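Student: My questions will all concern the structure given below.
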Amino acid sequence: MSLRSRIFTHAILISVCFFMLLPIYWVIKTSVSGENLFVYPPSIIPADPNMFYYVEAWYTVDFVQLFSNSFLIATLVVIVNLVLNAMAGYALTKHFPGKSLVMSFLLMSMMIPFHATIIPAYLLTAELGLLNSKLGIALPALSHIVCILLFKSNFEAVPSSLIQAARLDGLSEWQILTKIMIPLSKPAVATNIILSFIWSWNEFLWPLIVVRSPDQQTMPLGLVSFLASFEDTTGSLYAFCVLVVLPSMLVFLLAQKDFIRGLTSGATKG
Amino acid sequence: MLKNLSKWTTAFTVSIFASLSVAQAADEKITVLTWNLPVYGEKINGWIADFHEQHPDVEVEWIDKKGSEWATFFQTQLAAGTPPDVVNIQGALWAEYAANEQLLDLGPYLKNDPDFSGRFVDGALDLWTTDDGKSYMVPWYFNRTLLYLNKSMLAEAGIEKTPATFDELMAAADKMKGEGKSGFLTANFDWLYWPLFKMNGVDILNEDMSKAAFNTPEALETLTALAEATKSGAINNISWTGRWVEPNTAFASRNVGMYMAPNSALFWAASKADWINDENVEVVDAPGDWWTPNHHGWGVSASTKYPDAAVDLIKIATSDKWQETMSSTFSILTLNKNVDPMLIEKFTTEDPLKAKILTAAGSKLDKITGYLKSPVEARVKDAFWTSVQPALLGQVDPQKALDAAEAKVNRVLTRR
Amino acid sequence: MDWKSLLLNRFSLTVGVLVLGAGLWNAYVSVNDDGRISGRVVDQTGQPVVGATVALSRKTVSSVDSVAETQTGSSGEFSFVDHGQYALLLSATKADAEAPRRTYQLWFRNQNLVLDEPLVLLP
């Protein structure tokens, strides 16, 4: 690439970056300045920035409770997703009668939005006696079809000679999955962790419907306390937004290297 | 290591599963749903304690949902066939549930218990009574619009007489406008701005609520005058944002001459600004005495298994004892005959402006406007406002806006 | 098992730093959360005011609630204990003189506070 085209590419990338980061900057700026959205003209640099909106956000809601609820649920979701999706993904690399039926069933279910099935899901959860419980909140997120397919495509990329060698060595299917497939599919594991964590962390509608008492609320539900309050809570609302987003950002940053490989490995598979 | 990992994972998952699933017990249980009152939990537990004295074996579950999420939650519960037994509903939203037969007619309970029906001020129950005489809700708390005057700005502009007509209101607003100052401001979520139209003889719908009735020459004149006054700065353009904090803050800044808003809005502003007191603020009814409510009531789901217990809980919530707590906690009217006068009495010495405002808010209950007991109220509101708002901000020709609003509203009304 | 690689990877380190930070902060909080406020009230000339009423209040949704009141001592000093707030307002009055309400934002509930500047009574 010539110098000129490299400069050109970078100029475009930087300007795209700028527009992508602007809203994030705005959230952080408002979280330290508390500037009302209707202030005109808006200021680019926060006037008199301070961290006290974070203190207010911390005490306005029961932060520790919300955080630990969200965290427990997300952990549960991540672990169960890894187990179920890896097993399902591995099964789908095999040939068995009705496999294409199962595949098309999975693909079809992906096309039905969750909102359309929310009432049956609610009734089912109620029938199981899991309303207003963390398990009830986690239930619909315990397996994501996208992640099953991700595992499947990653597993298919593992050379079949390796699997046959393992089989000759006397490894059972379960051992092949845990000792060969999963260690060789780190990107898929990372992607699974990130996606299921973020989806669980950000989920709003389902917890809203299943949760009945404040002690089971998750972070996004806590966010509403600021929106609905009759006070001018702009500063603490944005501070809380930052606190809500931080954990998923952290998870993403920690696992992003493998995540990006995980997303692209299926695409480049021969 | 992986073997260990999977072992730990299994153990961890099982233990989380075990600790997270909460067993749901209790055979007899009623659920109470409140509207954005998480701060009131302690008092609600007080009702529940009182309730248990009457019904020791009925468990009570209390749920609170914020205003913006309340409808989503309630609708889902209705669709799932498990609605909360006792519900607190804001404004005219109940009419939709009543029309769908999802609320219980409380008429028989009111008739059979004179103490229950007799505790509310005259006309209060009418707010939730339909044309066929059914009473779906009873009052919990009540706010309504009033006009607050910034005395010093009025005096500076040489206005001695309280505006008694729309034209006088606009003329006064025009006199008070100036650098950083505006003459008039209105709160406007729901139909709170409607008194401005009603004082010019404009109704939202016709008598039997089958057709839009607002596309008249008077409405055109009103809308045009409001748009012009907004453009000139006589009316503060925050009026048309539909927000709560900003208009209140604007009035609190002492740069607005007249503010039309529910009484709770003024109390909010007064908590931010020391100047808002009996000396500096006058409270009057808007021209024509018209007002729009912003109120809350209690109803019972039609599908409840324990209607008697549910009504008993409402009786406790609306009793003198608990309404006294309510009124003093939030400085609010309860439409309870005994409680409201006590609150006003208390404020007469403590805070004369509050006393004056609450007295005014509790009077002239027949001059209500902008309150549609229609199952499509929310959709009519949206249809009207989305068409008319651009005209108020001077972006659309007023006549075109009214035509568009009429077509939209009529479509909503015929579609049901 | 290779403990070193298990401990010294970016996941463990991040979590470790976070836990350590939270631990230190909590230790700091537990040492400084007696809710003690101490300060002085002076008049316009800087002379200490004896017997002024100092009011400690907090902001709520609809009003300003009084939390506690105290009188200043012989050198104009006053103190509160266990105030229980994370944001508070202080004002002082004596006869017709009044020190305008001042807002103090704290880093945590019940934080100890020593007023750098005295409350100044204005006629």
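By order of appearance in the structure tokens: chains A, B, ..., then residues from 1 within every chain, and ligands from 1 in the order shown.
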Using only C-alpha atoms, which chain C residues lie at most 9 Å away from chain A, written as a short mmCIF file (atom, residue, chain, number, x, y, z; two decimals) with N, CA and C atoms, in the first residue's frame?
Tutor:
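Final file, iface36.cif:
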data_model
loop_
_atom_site.label_atom_id
_atom_site.label_comp_id
_atom_site.auth_asym_id
_atom_site.auth_seq_id
_atom_site.Cartn_x
_atom_site.Cartn_y
_atom_site.Cartn_z
N ARG C 10 -4.28 -12.04 31.78
CA ARG C 10 -4.96 -10.74 31.88
C ARG C 10 -6.30 -10.83 32.62
N PHE C 11 -6.95 -12.01 32.58
CA PHE C 11 -8.23 -12.15 33.28
C PHE C 11 -8.02 -12.07 34.79
N THR C 14 -6.77 -8.61 35.95
CA THR C 14 -7.81 -7.58 35.98
C THR C 14 -8.70 -7.76 37.20
N VAL C 61 -37.13 14.56 47.26
CA VAL C 61 -37.82 14.78 46.00
C VAL C 61 -38.57 16.11 46.01
N SER C 62 -39.32 16.39 47.08
CA SER C 62 -40.19 17.56 47.01
C SER C 62 -39.80 18.66 47.97
N TYR C 86 -24.98 11.41 52.10
CA TYR C 86 -23.88 11.47 51.14
C TYR C 86 -23.87 12.81 50.41
N ALA C 87 -24.89 13.60 50.67
CA ALA C 87 -24.93 14.98 50.19
C ALA C 87 -25.71 15.75 51.23
N GLN C 105 -21.00 17.83 48.88
CA GLN C 105 -21.10 16.51 48.27
C GLN C 105 -20.03 15.63 48.89
N LEU C 106 -20.40 14.43 49.29
CA LEU C 106 -19.42 13.54 49.91
C LEU C 106 -19.17 12.33 49.01
N TRP C 107 -18.10 11.63 49.31
CA TRP C 107 -17.73 10.47 48.49
C TRP C 107 -18.45 9.21 48.91
N PHE C 108 -18.89 9.17 50.15
CA PHE C 108 -19.68 8.02 50.59
C PHE C 108 -20.55 8.44 51.76
N ARG C 109 -21.54 7.60 52.07
CA ARG C 109 -22.48 7.92 53.13
C ARG C 109 -21.76 8.02 54.47
#
Student: Quick check: residues of chain B within 10 Å of chain C, only C-alpha atoms, returned as a count of residues only.
Tutor: 13
Student: If you run DSSP on the backbone here, which positions in segment 267-392 of chain B get strand (DSSP E)? Please write them as a PyMOL selection string.
Tutor: chain B and resi 281-284+293-300
Student: Please dump the current selection as a PDB file, in the first residue's frame; keep N, CA, C and O atoms.
Tutor:
ATOM      1  N   VAL B 281     -46.257  34.529  44.637  1.00  0.00           N
ATOM      2  CA  VAL B 281     -46.998  33.752  43.649  1.00  0.00           C
ATOM      3  C   VAL B 281     -48.482  33.773  43.966  1.00  0.00           C
ATOM      4  O   VAL B 281     -48.889  33.610  45.122  1.00  0.00           O
ATOM      5  N   GLU B 282     -49.266  34.016  42.934  1.00  0.00           N
ATOM      6  CA  GLU B 282     -50.725  33.949  43.078  1.00  0.00           C
ATOM      7  C   GLU B 282     -51.199  32.711  42.328  1.00  0.00           C
ATOM      8  O   GLU B 282     -50.633  32.345  41.306  1.00  0.00           O
ATOM      9  N   VAL B 283     -52.213  32.053  42.882  1.00  0.00           N
ATOM     10  CA  VAL B 283     -52.747  30.889  42.171  1.00  0.00           C
ATOM     11  C   VAL B 283     -54.203  31.140  41.822  1.00  0.00           C
ATOM     12  O   VAL B 283     -54.983  31.599  42.659  1.00  0.00           O
ATOM     13  N   VAL B 284     -54.525  30.890  40.557  1.00  0.00           N
ATOM     14  CA  VAL B 284     -55.909  31.097  40.098  1.00  0.00           C
ATOM     15  C   VAL B 284     -56.298  29.945  39.174  1.00  0.00           C
ATOM     16  O   VAL B 284     -55.452  29.138  38.779  1.00  0.00           O
ATOM     17  N   PRO B 293     -57.074  16.854  34.791  1.00  0.00           N
ATOM     18  CA  PRO B 293     -56.562  16.114  35.949  1.00  0.00           C
ATOM     19  C   PRO B 293     -55.288  15.342  35.645  1.00  0.00           C
ATOM     20  O   PRO B 293     -54.951  15.083  34.494  1.00  0.00           O
ATOM     21  N   ASN B 294     -54.607  14.983  36.721  1.00  0.00           N
ATOM     22  CA  ASN B 294     -53.459  14.083  36.646  1.00  0.00           C
ATOM     23  C   ASN B 294     -53.590  13.281  37.936  1.00  0.00           C
ATOM     24  O   ASN B 294     -53.103  13.671  38.974  1.00  0.00           O
ATOM     25  N   HIS B 295     -54.348  12.201  37.858  1.00  0.00           N
ATOM     26  CA  HIS B 295     -54.803  11.549  39.084  1.00  0.00           C
ATOM     27  C   HIS B 295     -54.614  10.040  39.035  1.00  0.00           C
ATOM     28  O   HIS B 295     -54.402   9.451  37.973  1.00  0.00           O
ATOM     29  N   HIS B 296     -54.722   9.438  40.197  1.00  0.00           N
ATOM     30  CA  HIS B 296     -54.507   7.995  40.324  1.00  0.00           C
ATOM     31  C   HIS B 296     -55.641   7.355  41.101  1.00  0.00           C
ATOM     32  O   HIS B 296     -56.132   7.930  42.070  1.00  0.00           O
ATOM     33  N   GLY B 297     -56.030   6.159  40.657  1.00  0.00           N
ATOM     34  CA  GLY B 297     -57.093   5.458  41.374  1.00  0.00           C
ATOM     35  C   GLY B 297     -56.743   3.995  41.581  1.00  0.00           C
ATOM     36  O   GLY B 297     -55.717   3.500  41.102  1.00  0.00           O
ATOM     37  N   TRP B 298     -57.622   3.333  42.324  1.00  0.00           N
ATOM     38  CA  TRP B 298     -57.469   1.911  42.592  1.00  0.00           C
ATOM     39  C   TRP B 298     -58.567   1.111  41.908  1.00  0.00           C
ATOM     40  O   TRP B 298     -59.733   1.467  41.996  1.00  0.00           O
ATOM     41  N   GLY B 299     -58.196   0.020  41.271  1.00  0.00           N
ATOM     42  CA  GLY B 299     -59.186  -0.868  40.691  1.00  0.00           C
ATOM     43  C   GLY B 299     -58.841  -2.308  41.011  1.00  0.00           C
ATOM     44  O   GLY B 299     -57.772  -2.599  41.567  1.00  0.00           O
ATOM     45  N   VAL B 300     -59.755  -3.212  40.657  1.00  0.00           N
ATOM     46  CA  VAL B 300     -59.534  -4.629  40.903  1.00  0.00           C
ATOM     47  C   VAL B 300     -59.652  -5.364  39.571  1.00  0.00           C
ATOM     48  O   VAL B 300     -60.561  -5.084  38.783  1.00  0.00           O
TER      49      VAL B 300
END
Student: Residues at most 7 Å from segment 29-36 of chain B, counting only C-alpha atoms, excluding those fewer than 5 positions away in the same chain, as a list of chain:residue names?
Tutor: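 Listed by chain and then number, they are B:Val58, B:Glu59, B:Val60, B:Glu61, B:Trp62, B:Ile63, B:Asp64, B:Lys65, B:Lys66, B:Gly67, B:Trp70, B:Pro84, B:Asp85, B:Val86, B:Val87, B:Asn88, B:Ile89, B:Ala310.
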Student: I'd like the contact shell of Trp94 of chain B - 9 Å cut-off, only C-alpha atoms, skipping same-chain residues fewer than 3 positions apart - returned as a list in words.
Tutor: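 With the cut-off at 9 Å, the set is Ile89, Gln90, Gly91, Tyr97, Ala98, Ala99, Leu103, Trp128, Tyr136, Met137, Gly297, Gly299, Lys373, Ser374 and Pro375 of chain B.
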Student: Atoms to include: N, CA, C and O atoms. Write the selected residues as a short mmCIF file (atom, residue, chain, number, x, y, z; two decimals), in the first residue's frame.
Tutor:
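What ended up in out20.cif:
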data_model
loop_
_atom_site.label_atom_id
_atom_site.label_comp_id
_atom_site.auth_asym_id
_atom_site.auth_seq_id
_atom_site.Cartn_x
_atom_site.Cartn_y
_atom_site.Cartn_z
N ILE B 89 -53.92 2.75 38.76
CA ILE B 89 -53.82 3.20 37.37
C ILE B 89 -53.88 4.72 37.29
O ILE B 89 -54.66 5.36 38.00
N GLN B 90 -53.05 5.29 36.43
CA GLN B 90 -53.01 6.74 36.27
C GLN B 90 -53.98 7.20 35.19
O GLN B 90 -54.17 6.51 34.19
N GLY B 91 -54.54 8.38 35.38
CA GLY B 91 -55.32 9.07 34.36
C GLY B 91 -56.48 8.26 33.82
O GLY B 91 -57.20 7.60 34.57
N TYR B 97 -59.08 -0.80 29.88
CA TYR B 97 -59.23 -2.08 30.56
C TYR B 97 -60.68 -2.33 30.95
O TYR B 97 -61.17 -3.45 30.92
N ALA B 98 -61.37 -1.24 31.30
CA ALA B 98 -62.79 -1.39 31.66
C ALA B 98 -63.58 -1.85 30.45
O ALA B 98 -64.41 -2.76 30.53
N ALA B 99 -63.28 -1.22 29.29
CA ALA B 99 -64.02 -1.58 28.08
C ALA B 99 -63.75 -3.03 27.68
O ALA B 99 -64.60 -3.70 27.10
N LEU B 103 -61.53 -5.04 34.23
CA LEU B 103 -61.63 -4.48 35.57
C LEU B 103 -63.00 -4.82 36.16
O LEU B 103 -64.00 -4.92 35.46
N TRP B 128 -64.23 8.03 37.62
CA TRP B 128 -64.00 6.67 37.14
C TRP B 128 -65.31 5.94 36.85
O TRP B 128 -65.35 4.72 36.81
N TYR B 136 -65.43 1.87 38.17
CA TYR B 136 -64.31 0.94 38.02
C TYR B 136 -63.15 1.20 38.98
O TYR B 136 -62.32 0.34 39.21
N MET B 137 -63.07 2.44 39.46
CA MET B 137 -61.94 2.75 40.33
C MET B 137 -62.41 3.68 41.45
O MET B 137 -63.44 4.34 41.33
N GLY B 297 -56.03 6.16 40.66
CA GLY B 297 -57.09 5.46 41.37
C GLY B 297 -56.74 3.99 41.58
O GLY B 297 -55.72 3.50 41.10
N GLY B 299 -58.20 0.02 41.27
CA GLY B 299 -59.19 -0.87 40.69
C GLY B 299 -58.84 -2.31 41.01
O GLY B 299 -57.77 -2.60 41.57
N LYS B 373 -62.94 9.33 28.88
CA LYS B 373 -63.14 7.97 29.39
C LYS B 373 -63.38 7.06 28.20
O LYS B 373 -64.47 6.51 28.03
N SER B 374 -62.39 6.95 27.36
CA SER B 374 -62.54 6.16 26.14
C SER B 374 -61.45 5.10 26.09
O SER B 374 -60.30 5.35 26.46
N PRO B 375 -61.80 3.91 25.60
CA PRO B 375 -60.79 2.86 25.52
C PRO B 375 -59.63 3.22 24.58
O PRO B 375 -58.55 2.63 24.69
#
